[in-house]
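Colleague: What follows is structure.txt; its format and atoms are compact mmCIF, C-alpha atoms.
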# COMPACT_ATOMS: atom_id res chain seq x y z
CA MET A 1225 137.01 200.71 85.03
CA LEU A 1226 133.56 199.92 83.76
CA SER A 1227 134.63 200.46 80.18
CA ALA A 1228 137.48 197.97 80.63
CA VAL A 1229 135.01 195.37 81.88
CA GLN A 1230 132.76 196.24 78.96
CA GLN A 1231 135.61 195.76 76.50
CA PHE A 1232 136.47 192.44 78.05
CA GLY A 1233 132.86 191.34 77.75
CA GLN A 1234 132.76 192.44 74.13
CA PHE A 1235 135.93 190.48 73.44
CA GLY A 1236 134.36 187.39 75.00
CA LEU A 1237 131.20 187.75 72.93
CA THR A 1238 133.14 188.28 69.68
CA PHE A 1239 135.40 185.35 70.44
CA SER A 1240 132.51 182.99 71.17
CA ARG A 1241 130.71 184.12 68.05
CA LYS A 1242 133.78 183.48 65.89
CA VAL A 1243 134.30 180.04 67.40
CA GLY A 1244 130.64 179.29 66.74
CA ILE A 1245 130.81 180.51 63.14
CA SER A 1246 133.98 178.52 62.42
CA GLY A 1247 132.43 175.41 64.01
CA ILE A 1248 129.29 175.64 61.87
CA PHE A 1249 131.49 176.37 58.85
CA LEU A 1250 133.54 173.22 59.53
CA PHE A 1251 130.39 171.14 59.99
CA ASN A 1252 129.03 172.41 56.68
CA VAL A 1253 132.29 171.61 54.89
CA LEU A 1254 132.59 168.12 56.35
CA PHE A 1255 129.01 166.97 56.00
CA ARG A 1256 128.19 167.86 52.42
CA ARG A 1257 126.03 165.53 50.41
CA PRO A 1258 128.81 163.62 48.63
CA LYS A 1259 129.01 163.84 44.86
CA LEU A 1260 131.96 161.53 44.51
CA GLN A 1261 132.02 161.34 40.72
CA ARG A 1262 132.37 165.08 40.30
CA SER A 1263 134.31 165.85 43.49
CA PHE A 1264 137.21 163.53 42.72
CA PRO A 1265 138.85 165.57 39.91
CA LEU A 1266 138.61 168.68 42.10
CA LEU A 1267 140.34 166.83 44.94
CA ILE A 1268 143.13 165.65 42.63
CA GLU A 1269 143.71 169.20 41.43
CA GLN A 1270 143.96 170.49 45.00
CA LEU A 1271 146.24 167.62 46.06
CA TYR A 1272 148.50 168.76 43.24
CA PHE A 1273 148.55 172.39 44.38
CA ILE A 1274 148.74 171.68 48.12
CA GLY A 1275 150.71 168.46 48.30
CA VAL A 1276 153.01 168.23 45.30
CA PHE A 1277 153.99 171.91 45.37
CA SER A 1278 154.95 171.66 49.06
CA LEU A 1279 157.16 168.68 48.36
CA ILE A 1280 160.35 170.53 47.43
CA ILE A 1281 160.43 172.86 50.46
CA ILE A 1282 159.56 169.95 52.79
CA MET A 1283 162.26 167.68 51.36
CA LEU A 1284 164.96 170.33 51.38
CA SER A 1285 164.27 171.43 54.96
CA ALA A 1286 164.05 167.79 56.05
CA LEU A 1287 167.46 167.09 54.56
CA PHE A 1288 169.08 170.00 56.36
CA ILE A 1289 167.31 169.33 59.66
CA GLY A 1290 168.36 165.68 59.61
CA MET A 1291 171.92 166.71 58.85
CA VAL A 1292 172.11 169.30 61.62
CA VAL A 1293 170.55 167.00 64.24
CA SER A 1294 173.13 164.38 63.32
CA LEU A 1295 175.97 166.89 63.54
CA GLN A 1296 174.87 168.29 66.91
CA GLY A 1297 174.04 164.87 68.31
CA HIS A 1298 177.36 163.40 67.29
CA ASN A 1299 179.23 166.31 68.84
CA THR A 1300 177.53 165.81 72.21
CA LEU A 1301 177.32 162.01 72.25
CA GLN A 1302 180.98 161.71 71.37
CA ARG A 1303 181.96 163.26 74.72
CA PHE A 1304 180.33 160.34 76.51
CA GLY A 1305 181.69 157.79 74.07
CA ALA A 1306 178.14 157.06 72.99
CA ASP A 1307 178.25 158.07 69.33
CA GLN A 1308 176.90 154.62 68.42
CA GLU A 1309 173.53 155.84 69.74
CA LEU A 1310 173.34 158.56 67.08
CA GLY A 1311 170.76 156.65 65.04
CA GLU A 1312 168.49 156.34 68.05
CA LEU A 1313 168.74 160.06 68.87
CA LEU A 1314 168.13 161.08 65.27
CA ALA A 1315 165.19 158.75 64.58
CA LEU A 1316 163.38 159.42 67.85
CA SER A 1317 163.68 163.20 67.69
CA VAL A 1318 162.65 163.26 64.04
CA THR A 1319 159.68 160.86 64.19
CA ARG A 1320 158.27 162.10 67.48
CA GLU A 1321 158.61 165.86 67.25
CA LEU A 1322 160.51 167.42 64.39
CA ALA A 1323 158.74 165.80 61.44
CA PRO A 1324 155.13 166.50 62.46
CA VAL A 1325 155.75 169.99 63.87
CA ILE A 1326 158.09 171.39 61.22
CA THR A 1327 156.08 169.87 58.39
CA ALA A 1328 152.96 171.50 59.80
CA LEU A 1329 154.67 174.89 60.26
CA LEU A 1330 156.04 174.82 56.71
CA PHE A 1331 152.69 173.55 55.47
CA ALA A 1332 150.95 176.51 57.14
CA GLY A 1333 153.42 178.89 55.53
CA ARG A 1334 153.44 177.32 52.09
CA ALA A 1335 149.93 175.92 51.58
CA GLY A 1336 147.82 177.62 54.27
CA THR A 1337 148.64 181.17 53.18
CA SER A 1338 148.03 180.43 49.51
CA LEU A 1339 144.64 178.89 50.39
CA THR A 1340 143.65 181.95 52.40
CA ALA A 1341 144.81 184.41 49.75
CA GLU A 1342 143.14 182.48 46.94
CA ILE A 1343 139.78 182.10 48.68
CA GLY A 1344 140.00 185.64 50.06
CA LEU A 1345 140.48 187.06 46.57
CA MET A 1346 137.51 185.01 45.35
CA ARG A 1347 135.48 186.58 48.16
CA ALA A 1348 136.76 190.11 47.39
CA THR A 1349 135.99 189.80 43.68
CA ASP A 1350 132.52 188.33 44.39
CA GLN A 1351 133.35 185.02 42.69
CA LEU A 1352 131.91 183.09 45.62
CA ASP A 1353 128.66 185.06 45.45
CA SER A 1354 128.35 184.63 41.68
CA MET A 1355 128.83 180.88 42.15
CA GLU A 1356 125.89 180.88 44.50
CA MET A 1357 123.90 182.83 41.91
CA MET A 1358 124.58 180.00 39.45
CA ALA A 1359 123.34 177.48 42.01
CA VAL A 1360 126.84 176.09 42.54
CA ASP A 1361 127.56 175.59 46.21
CA PRO A 1362 130.93 177.30 46.93
CA LEU A 1363 131.43 175.17 50.03
CA TRP A 1364 131.28 172.07 47.85
CA ARG A 1365 133.09 173.49 44.81
CA ILE A 1366 135.85 175.52 46.49
CA ILE A 1367 136.24 174.80 50.20
CA SER A 1368 135.61 171.08 50.55
CA PRO A 1369 138.25 169.81 48.06
CA ARG A 1370 140.87 172.13 49.55
CA PHE A 1371 140.06 171.00 53.05
CA TRP A 1372 140.27 167.30 52.26
CA ALA A 1373 143.43 167.80 50.18
CA GLY A 1374 145.12 169.48 53.15
CA LEU A 1375 144.01 166.71 55.48
CA ILE A 1376 145.40 164.02 53.13
CA SER A 1377 148.63 165.84 52.25
CA ALA A 1378 149.86 166.60 55.78
CA PRO A 1379 150.52 162.97 56.91
CA ILE A 1380 152.07 162.05 53.54
CA LEU A 1381 154.39 165.06 53.72
CA THR A 1382 155.29 164.12 57.31
CA LEU A 1383 156.24 160.59 56.29
CA ILE A 1384 158.38 161.96 53.46
CA PHE A 1385 159.97 164.40 55.94
CA ASP A 1386 160.75 161.43 58.24
CA MET A 1387 162.43 159.51 55.46
CA VAL A 1388 164.47 162.37 54.02
CA ALA A 1389 165.58 163.67 57.45
CA ILE A 1390 166.80 160.24 58.52
CA TYR A 1391 168.61 159.82 55.23
CA GLY A 1392 170.24 163.24 55.69
CA GLY A 1393 171.28 162.28 59.21
CA TYR A 1394 172.66 159.01 57.87
CA LEU A 1395 174.73 160.86 55.28
CA VAL A 1396 176.31 163.14 57.89
CA GLY A 1397 176.63 160.60 60.69
CA VAL A 1398 177.82 157.55 58.78
CA LYS A 1399 179.36 158.85 55.57
CA TRP A 1400 181.01 161.97 56.95
CA LEU A 1401 181.59 161.56 60.70
CA GLY A 1402 182.27 157.84 60.50
CA VAL A 1403 179.72 156.29 62.86
CA ASP A 1404 179.51 152.55 62.24
CA SER A 1405 176.70 151.90 59.76
CA GLY A 1406 175.54 148.65 61.36
CA SER A 1407 175.20 150.05 64.88
CA PHE A 1408 173.57 153.21 63.49
CA TRP A 1409 170.68 151.24 61.97
CA SER A 1410 170.42 148.47 64.57
CA ASN A 1411 170.32 150.90 67.53
CA MET A 1412 167.69 152.84 65.65
CA GLN A 1413 165.59 149.75 64.99
CA ALA A 1414 165.91 148.57 68.60
CA SER A 1415 164.57 151.84 70.01
CA VAL A 1416 162.01 153.10 67.48
CA GLY A 1417 158.60 151.44 67.67
CA PHE A 1418 156.42 151.48 64.58
CA TYR A 1419 153.15 152.16 66.40
CA ASP A 1420 154.53 154.13 69.35
CA ASP A 1421 156.71 156.50 67.36
CA VAL A 1422 155.99 156.47 63.63
CA ILE A 1423 152.21 156.10 63.77
CA ASN A 1424 151.89 158.55 66.67
CA GLY A 1425 153.83 161.07 64.58
CA VAL A 1426 151.39 160.51 61.72
CA ILE A 1427 148.43 160.98 64.08
CA LYS A 1428 149.94 164.27 65.22
CA SER A 1429 150.38 165.43 61.64
CA LEU A 1430 146.78 164.46 60.84
CA VAL A 1431 145.58 166.71 63.67
CA PHE A 1432 147.90 169.53 62.55
CA GLY A 1433 146.79 169.21 58.93
CA PHE A 1434 143.16 169.36 60.04
CA VAL A 1435 143.70 172.49 62.15
CA VAL A 1436 145.89 174.32 59.62
CA THR A 1437 143.53 173.80 56.69
CA TRP A 1438 140.51 174.63 58.82
CA ILE A 1439 142.05 177.94 59.91
CA ALA A 1440 143.25 178.71 56.37
CA VAL A 1441 139.92 178.14 54.59
CA TYR A 1442 137.94 179.82 57.37
CA GLN A 1443 140.13 182.94 57.28
CA GLY A 1444 139.85 183.08 53.50
CA TYR A 1445 136.09 182.52 53.40
CA TYR A 1446 135.27 185.13 56.04
CA THR A 1447 137.84 187.74 55.02
CA ALA A 1448 136.96 191.41 54.75
CA PRO A 1449 136.47 191.83 50.97
CA ASN A 1450 139.29 194.28 50.28
CA ALA A 1451 143.06 194.28 49.81
CA MET A 1452 143.84 195.02 53.45
CA GLY A 1453 141.41 192.35 54.61
CA ILE A 1454 143.13 189.68 52.51
CA GLY A 1455 146.55 190.71 53.83
CA ARG A 1456 145.28 190.60 57.39
CA ALA A 1457 143.59 187.22 56.88
CA THR A 1458 146.79 185.73 55.45
CA THR A 1459 148.79 186.97 58.44
CA LYS A 1460 146.17 185.59 60.82
CA THR A 1461 146.37 182.20 59.13
CA VAL A 1462 150.11 181.94 59.78
CA VAL A 1463 149.93 183.27 63.35
CA TYR A 1464 146.93 181.22 64.48
CA SER A 1465 148.16 178.06 62.74
CA SER A 1466 151.62 178.27 64.28
CA LEU A 1467 150.23 178.85 67.77
CA ALA A 1468 147.67 176.07 67.37
CA ILE A 1469 150.33 173.65 66.11
CA LEU A 1470 152.72 174.30 69.00
CA ALA A 1471 150.01 174.22 71.68
CA LEU A 1472 148.38 171.08 70.26
CA ASP A 1473 151.80 169.44 69.98
CA PHE A 1474 152.33 169.88 73.70
CA MET A 1475 148.91 168.42 74.50
CA LEU A 1476 149.24 165.48 72.11
CA THR A 1477 152.72 164.70 73.38
CA SER A 1478 151.57 164.69 77.00
CA VAL A 1479 148.83 162.22 76.09
CA MET A 1480 151.12 160.00 74.01
CA LEU A 1481 154.02 160.11 76.46
CA LYS A 1482 152.50 157.36 78.59
CA ASN A 1483 153.54 154.77 76.04
CA TRP A 1484 157.08 156.06 75.62
CA MET B 1415 150.04 165.37 34.00
CA THR B 1416 148.48 166.63 37.22
CA GLU B 1417 147.10 163.20 38.01
CA THR B 1418 150.43 161.53 37.28
CA LEU B 1419 152.26 163.84 39.67
CA VAL B 1420 149.63 163.36 42.40
CA GLY B 1421 149.94 159.61 41.88
CA LEU B 1422 153.71 159.83 42.23
CA PHE B 1423 153.24 161.93 45.38
CA MET B 1424 150.99 159.22 46.88
CA ILE B 1425 153.46 156.48 45.90
CA LEU B 1426 156.31 158.44 47.48
CA GLY B 1427 154.24 158.63 50.69
CA ILE B 1428 153.70 154.86 50.69
CA VAL B 1429 157.42 154.27 50.03
CA ALA B 1430 158.23 156.54 52.98
CA LEU B 1431 155.83 154.56 55.19
CA GLY B 1432 157.52 151.33 54.14
CA PHE B 1433 160.96 152.80 54.80
CA MET B 1434 159.87 153.97 58.26
CA ALA B 1435 158.35 150.58 59.05
CA ILE B 1436 161.16 148.31 57.88
CA GLN B 1437 164.41 150.25 57.93
CA VAL B 1438 163.80 152.66 60.82
CA SER B 1439 161.49 150.94 63.29
CA GLY B 1440 162.49 147.39 62.30
CA LEU B 1441 158.86 146.32 62.49
CA SER B 1442 158.99 142.87 63.99
CA TRP B 1443 157.94 139.92 61.88
CA TYR B 1444 158.50 137.38 64.66
CA ALA B 1445 154.83 137.31 65.61
CA HIS B 1446 153.77 136.58 62.03
CA LYS B 1447 156.20 133.77 61.46
CA ALA B 1448 155.13 130.18 61.93
CA ASN B 1449 158.54 128.94 63.04
CA TYR B 1450 159.15 130.55 66.36
CA TYR B 1451 159.41 129.20 69.87
CA LYS B 1452 157.28 130.80 72.50
CA VAL B 1453 158.85 130.04 75.87
CA THR B 1454 158.19 131.60 79.25
CA ALA B 1455 160.52 132.21 82.17
CA ASP B 1456 159.75 133.38 85.71
CA PHE B 1457 162.12 135.92 87.25
CA ASP B 1458 162.30 137.22 90.82
CA ASN B 1459 163.22 140.65 89.54
CA ILE B 1460 163.47 141.83 85.95
CA GLY B 1461 165.16 145.18 86.69
CA GLY B 1462 164.63 147.47 83.71
CA LEU B 1463 163.78 144.80 81.13
CA LYS B 1464 161.38 146.05 78.47
CA VAL B 1465 159.18 144.44 75.86
CA ARG B 1466 161.07 144.00 72.55
CA ALA B 1467 164.39 143.69 74.36
CA PRO B 1468 166.70 141.27 72.53
CA VAL B 1469 167.15 137.62 73.50
CA MET B 1470 170.71 136.44 72.94
CA ILE B 1471 172.68 133.24 72.96
CA ALA B 1472 176.44 133.78 73.17
CA GLY B 1473 175.89 137.42 72.25
CA VAL B 1474 173.99 136.61 69.06
CA SER B 1475 170.42 137.91 68.85
CA VAL B 1476 167.98 135.03 68.37
CA GLY B 1477 164.67 136.61 69.31
CA GLU B 1478 162.92 139.16 71.48
CA VAL B 1479 160.85 139.65 74.63
CA ALA B 1480 157.19 139.49 73.66
CA ASN B 1481 155.38 140.12 76.91
CA ILE B 1482 156.01 140.81 80.61
CA VAL B 1483 153.31 140.26 83.23
CA LEU B 1484 153.22 139.80 86.97
CA ASN B 1485 152.30 136.25 87.93
CA ALA B 1486 149.60 136.88 90.54
CA SER B 1487 150.01 133.56 92.38
CA ASP B 1488 153.69 133.82 93.36
CA TYR B 1489 154.47 137.51 92.69
CA ARG B 1490 157.21 136.79 90.15
CA ALA B 1491 157.57 138.35 86.73
CA ARG B 1492 156.51 136.05 83.91
CA VAL B 1493 158.42 136.94 80.74
CA THR B 1494 157.37 135.51 77.38
CA LEU B 1495 160.20 135.12 74.87
CA LEU B 1496 159.96 134.59 71.13
CA VAL B 1497 162.93 132.61 69.82
CA ASP B 1498 163.51 132.00 66.13
CA GLN B 1499 163.44 128.26 65.58
CA ASP B 1500 165.73 128.48 62.56
CA LYS B 1501 168.43 130.06 64.66
CA ALA B 1502 168.32 128.04 67.87
CA LYS B 1503 166.63 125.04 69.49
CA LEU B 1504 166.60 125.28 73.26
CA PRO B 1505 167.44 122.20 75.36
CA THR B 1506 165.18 121.64 78.38
CA ASP B 1507 167.90 122.60 80.87
CA THR B 1508 168.47 126.05 79.33
CA SER B 1509 168.92 128.82 81.88
CA ALA B 1510 167.92 132.45 81.38
CA SER B 1511 169.56 135.50 82.93
CA ILE B 1512 169.04 139.23 82.59
CA TYR B 1513 172.18 141.17 81.75
CA THR B 1514 172.92 144.80 81.02
CA GLN B 1515 174.60 146.03 77.85
CA GLY B 1516 177.58 147.99 79.17
CA LEU B 1517 177.45 149.71 82.52
CA LEU B 1518 174.44 151.94 81.84
CA GLY B 1519 172.94 150.24 78.79
CA SER B 1520 169.54 148.61 78.41
CA ASN B 1521 168.73 145.11 79.65
CA TYR B 1522 168.61 141.96 77.55
CA ILE B 1523 168.03 138.28 78.19
CA ASN B 1524 170.90 135.87 77.81
CA LEU B 1525 170.10 132.18 77.35
CA SER B 1526 172.69 129.56 78.28
CA PRO B 1527 171.75 126.27 76.60
CA GLY B 1528 172.38 123.14 78.67
CA TYR B 1529 173.32 119.63 77.58
CA ALA B 1530 169.96 117.83 77.61
CA ASP B 1531 168.97 115.81 74.54
CA THR B 1532 165.33 116.90 74.74
CA PHE B 1533 164.23 120.31 73.53
CA LEU B 1534 161.70 122.78 74.93
CA ALA B 1535 158.36 122.62 73.16
CA ASN B 1536 156.42 125.69 72.06
CA GLY B 1537 155.02 127.29 75.21
CA GLY B 1538 157.55 125.55 77.45
CA LEU B 1539 158.94 127.00 80.68
CA ILE B 1540 162.59 127.77 81.36
CA GLU B 1541 163.17 126.45 84.90
CA THR B 1542 166.49 128.05 85.84
CA THR B 1543 166.54 131.83 85.91
CA ASN B 1544 168.88 134.48 87.31
CA SER B 1545 167.41 137.86 88.22
CA ALA B 1546 168.69 141.17 86.99
CA VAL B 1547 171.56 142.68 88.90
CA ILE B 1548 170.30 145.88 90.51
CA LEU B 1549 173.21 148.27 90.72
CA GLU B 1550 171.78 150.31 93.63
CA LYS B 1551 171.26 147.15 95.67
CA LEU B 1552 174.86 146.07 95.09
CA ILE B 1553 176.19 149.48 96.11
CA GLY B 1554 173.97 149.38 99.20
CA GLN B 1555 175.28 145.96 100.20
CA PHE B 1556 178.84 147.05 99.59
CA LEU B 1557 178.46 150.19 101.71
CA TYR B 1558 176.78 148.19 104.48
CA SER B 1559 179.58 145.62 104.67
CA PHE B 1560 182.15 148.39 104.42
CA GLN B 1561 180.66 150.21 107.40
CA SER B 1562 180.14 147.18 109.61
CA LYS B 1563 183.68 145.77 109.28
CA PRO B 1564 185.61 148.29 111.45
CA SER B 1565 183.06 147.92 114.28
CA GLN B 1566 183.66 144.16 114.38
CA GLU B 1567 187.40 144.61 114.72
CA LYS B 1568 187.10 146.84 117.79
Rewrite the structure of this file - the entire thing - as structure tokens.
Modeller:
Amino acid sequence: MLSAVQQFGQFGLTFSRKVGISGIFLFNVLFRRPKLQRSFPLLIEQLYFIGVFSLIIIMLSALFIGMVVSLQGHNTLQRFGADQELGELLALSVTRELAPVITALLFAGRAGTSLTAEIGLMRATDQLDSMEMMAVDPLWRIISPRFWAGLISAPILTLIFDMVAIYGGYLVGVKWLGVDSGSFWSNMQASVGFYDDVINGVIKSLVFGFVVTWIAVYQGYYTAPNAMGIGRATTKTVVYSSLAILALDFMLTSVMLKNW
Amino acid sequence: MTETLVGLFMILGIVALGFMAIQVSGLSWYAHKANYYKVTADFDNIGGLKVRAPVMIAGVSVGEVANIVLNASDYRARVTLLVDQDKAKLPTDTSASIYTQGLLGSNYINLSPGYADTFLANGGLIETTNSAVILEKLIGQFLYSFQSKPSQEK
């Protein structure tokens, strides 16, 4: 009995300590003395690895998700004679929920894991320590550009997801299933609000991008410096990111729902 | 090469934002145009009318609902409409009514222009209005009259 309480207390202490460490870590990454001239090329390089490389998987999954939402929606709406509302259904479900959440989940799987593994291997092979020996701050040189690149990429990828998914839904709904093109777009435009739906989706994705990259770089930076540690850190990145995304999505939606 | 691709990635993001703004959400340009009418109309009951609902004349969309507030002095709903001046000029005896698209559709405002030679100025008030038809109220009235009839005959 007492040992169970003791274990619970130990868990609480470890948890609080980790939250504290990750908070201080985040503060140190965000509030570096800016060296814009030299940081910019590093940021571009990371945008290339994080943003551009994620583009293909995001666009392909967006296309298929838009197509399947259109197919399912048409099948159900048709029974009520409301297949003209397909555009509304597609655009609202994509901009409000599917685009931010699925982009963030794919982003965690594609970019988050590679960040963790890369930084974790640098830790395991003492590259981070040797940088410090050469008076190069690893937080500035390694972590900061990756963090900002993730934060910038996530909303851009979400907007691209929006566009491709709606185009995919248009292809299936209008070109294949024969919904009237005019009512498809005009019903969509009448129901989707730019600030209420599109911008709120982008705000969601900004929060998700922030959390995913934070978890990824933290797990990489504080990994146990061996092969098993890197594997475990990579797994943790995916698990924690996915849970954080889904939980935060519920909270953000409940706050934003007032306007809908 | 890297920088070119990152630049293209950024441009693609901006294109997507433009697509979402114009093609998907139909971001309204009414408010930024110089040539629009702003007219108000007071309704007893607006039913389920929402901001950005269409304003139609003879079924043709000519503008949108810009604002809905409760007029504190007489407890009626004051609805502000934006009407495109290029599409329609409203005579002073125009009447406004709230209709429903289909049986369960969303509400819109229908304007029936009158025959006056003078036109409403910007910020003018539409005098004649018809409230929204509340379906539940109609059913209630129907049931009430249905029930009370047999008792009168006895």
Colleague: Hey, list the chain A side of the contact with chain B: 8 Å cut-off, only C-alpha atoms, answer as a VMD selection string.
Modeller: chain A and resid 1268 to 1269 1271 to 1272 1275 to 1276 1315 1380 to 1381 1383 to 1384 1386 to 1387 1409 1412 to 1418 1422
Colleague: Please dump the current selection as a short mmCIF file (atom, residue, chain, number, x, y, z; two decimals), in the coordinates of the input; keep C-alpha atoms.
Modeller:
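Written file, result-v8.cif:
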data_model
loop_
_atom_site.label_atom_id
_atom_site.label_comp_id
_atom_site.auth_asym_id
_atom_site.auth_seq_id
_atom_site.Cartn_x
_atom_site.Cartn_y
_atom_site.Cartn_z
CA ILE A 1268 143.13 165.65 42.63
CA GLU A 1269 143.71 169.20 41.43
CA LEU A 1271 146.24 167.62 46.06
CA TYR A 1272 148.50 168.76 43.24
CA GLY A 1275 150.71 168.46 48.30
CA VAL A 1276 153.01 168.23 45.30
CA ALA A 1315 165.19 158.75 64.58
CA ILE A 1380 152.07 162.05 53.54
CA LEU A 1381 154.39 165.06 53.72
CA LEU A 1383 156.24 160.59 56.29
CA ILE A 1384 158.38 161.96 53.46
CA ASP A 1386 160.75 161.43 58.24
CA MET A 1387 162.43 159.51 55.46
CA TRP A 1409 170.68 151.24 61.97
CA MET A 1412 167.69 152.84 65.65
CA GLN A 1413 165.59 149.75 64.99
CA ALA A 1414 165.91 148.57 68.60
CA SER A 1415 164.57 151.84 70.01
CA VAL A 1416 162.01 153.10 67.48
CA GLY A 1417 158.60 151.44 67.67
CA PHE A 1418 156.42 151.48 64.58
CA VAL A 1422 155.99 156.47 63.63
#
Colleague: What does the distance from CA of Val1497 in chain B to CA of Ser1407 in chain A come to in Å, to one decimal?
Modeller: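 Interatomic distance, CA of Val1497 in chain B to CA of Ser1407 in chain A: 21.9 Å.
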Colleague: Give me the residues within 7 Å of range 1489-1493 of chain B as an MDAnalysis selection string, counting all atoms listed in the file and dropping any in the same chain fewer than 5 places off.
Modeller: chainID B and resid 1454:1460 1481:1484
Colleague: In Å, how far is it from CA of Leu1495 in chain B to CA of Asn1521 in chain B?
Modeller: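 CA of Asn1521 in chain B lies 14.0 Å from CA of Leu1495 in chain B.
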Colleague: Need to verify the contact set: Leu1284 in chain A, 10 Å, all atoms listed in the file, exclusion of same-chain residues closer than 4 positions in sequence. Can you return it as a list in words?
Modeller: Leu1279, Ile1280, Phe1288, Ile1289, Phe1385, Val1388, Ala1389 and Gly1392 of chain A
Colleague: Using all atoms listed in the file, which protein or nucleic acid residues come within 9 Å of Ala1448 in chain A? Drop anything in the same chain fewer than 2 positions from it, and give the result as a PyMOL selection string.
Modeller: chain A and resi 1344+1347-1348+1444+1446+1450-1454+1456-1457
Colleague: Can you tell me, as a PyMOL selection string, which residues sit within 12 Å of (163.9, 128.8, 67.6) in the file's frame, using all atoms listed in the file?
Modeller: chain B and resi 1444+1447-1453+1469-1471+1475-1478+1495-1505+1533-1537
Colleague: Can you pull out the residues contacting range 1241-1254 of chain A? Cut-off 7 Å, using only C-alpha atoms, and skip same-chain residues under 5 positions away; I want them as a list of chain:residue names.
Modeller: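 Contacts, with the query itself left out: A:Leu1363, A:Ile1367, A:Ser1368, A:Tyr1442.
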Colleague: Could you list, as an MDAnalysis selection string, every residue within 10 Å of Ile1366 in chain A, counting only C-alpha atoms and ignoring same-chain residues fewer than 3 positions away?
Modeller: chainID A and resid 1253 1266:1267 1270 1343 1346 1352 1355 1360:1363 1369:1371 1441 1445
Colleague: Ranking B:Val1465, B:Leu1539, B:Ala1480, B:Ala1546 by minimum distance to Asn1524 in chain B and counting all atoms listed in the file, which one comes first?
Modeller: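 Distance minimum relative to Asn1524 in chain B lands on B:Ala1546.
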Colleague: So how many Å separate CA of Phe1239 in chain A and CA of Val1435 in chain A, to one decimal?
Modeller: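 CA of Val1435 in chain A lies at a distance of 17.4 Å from CA of Phe1239 in chain A.
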Colleague: For Gly1406 in chain A, which residue among A:Leu1310, A:Leu1287, A:Ala1332, A:Asp1421 is the nearest when counting all atoms listed in the file?
Modeller: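 Among A:Leu1310, A:Leu1287, A:Ala1332, A:Asp1421, it is A:Leu1310 that comes nearest to Gly1406 in chain A.
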Colleague: In terms of the shortest atom-to-atom distance over all atoms listed in the file, which of A:Ile1274, A:Ser1294, A:Arg1262, A:Thr1319 is closest to Tyr1419 in chain A?
Modeller: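 Residue with the minimum atom-to-atom distance to Tyr1419 in chain A: A:Thr1319.
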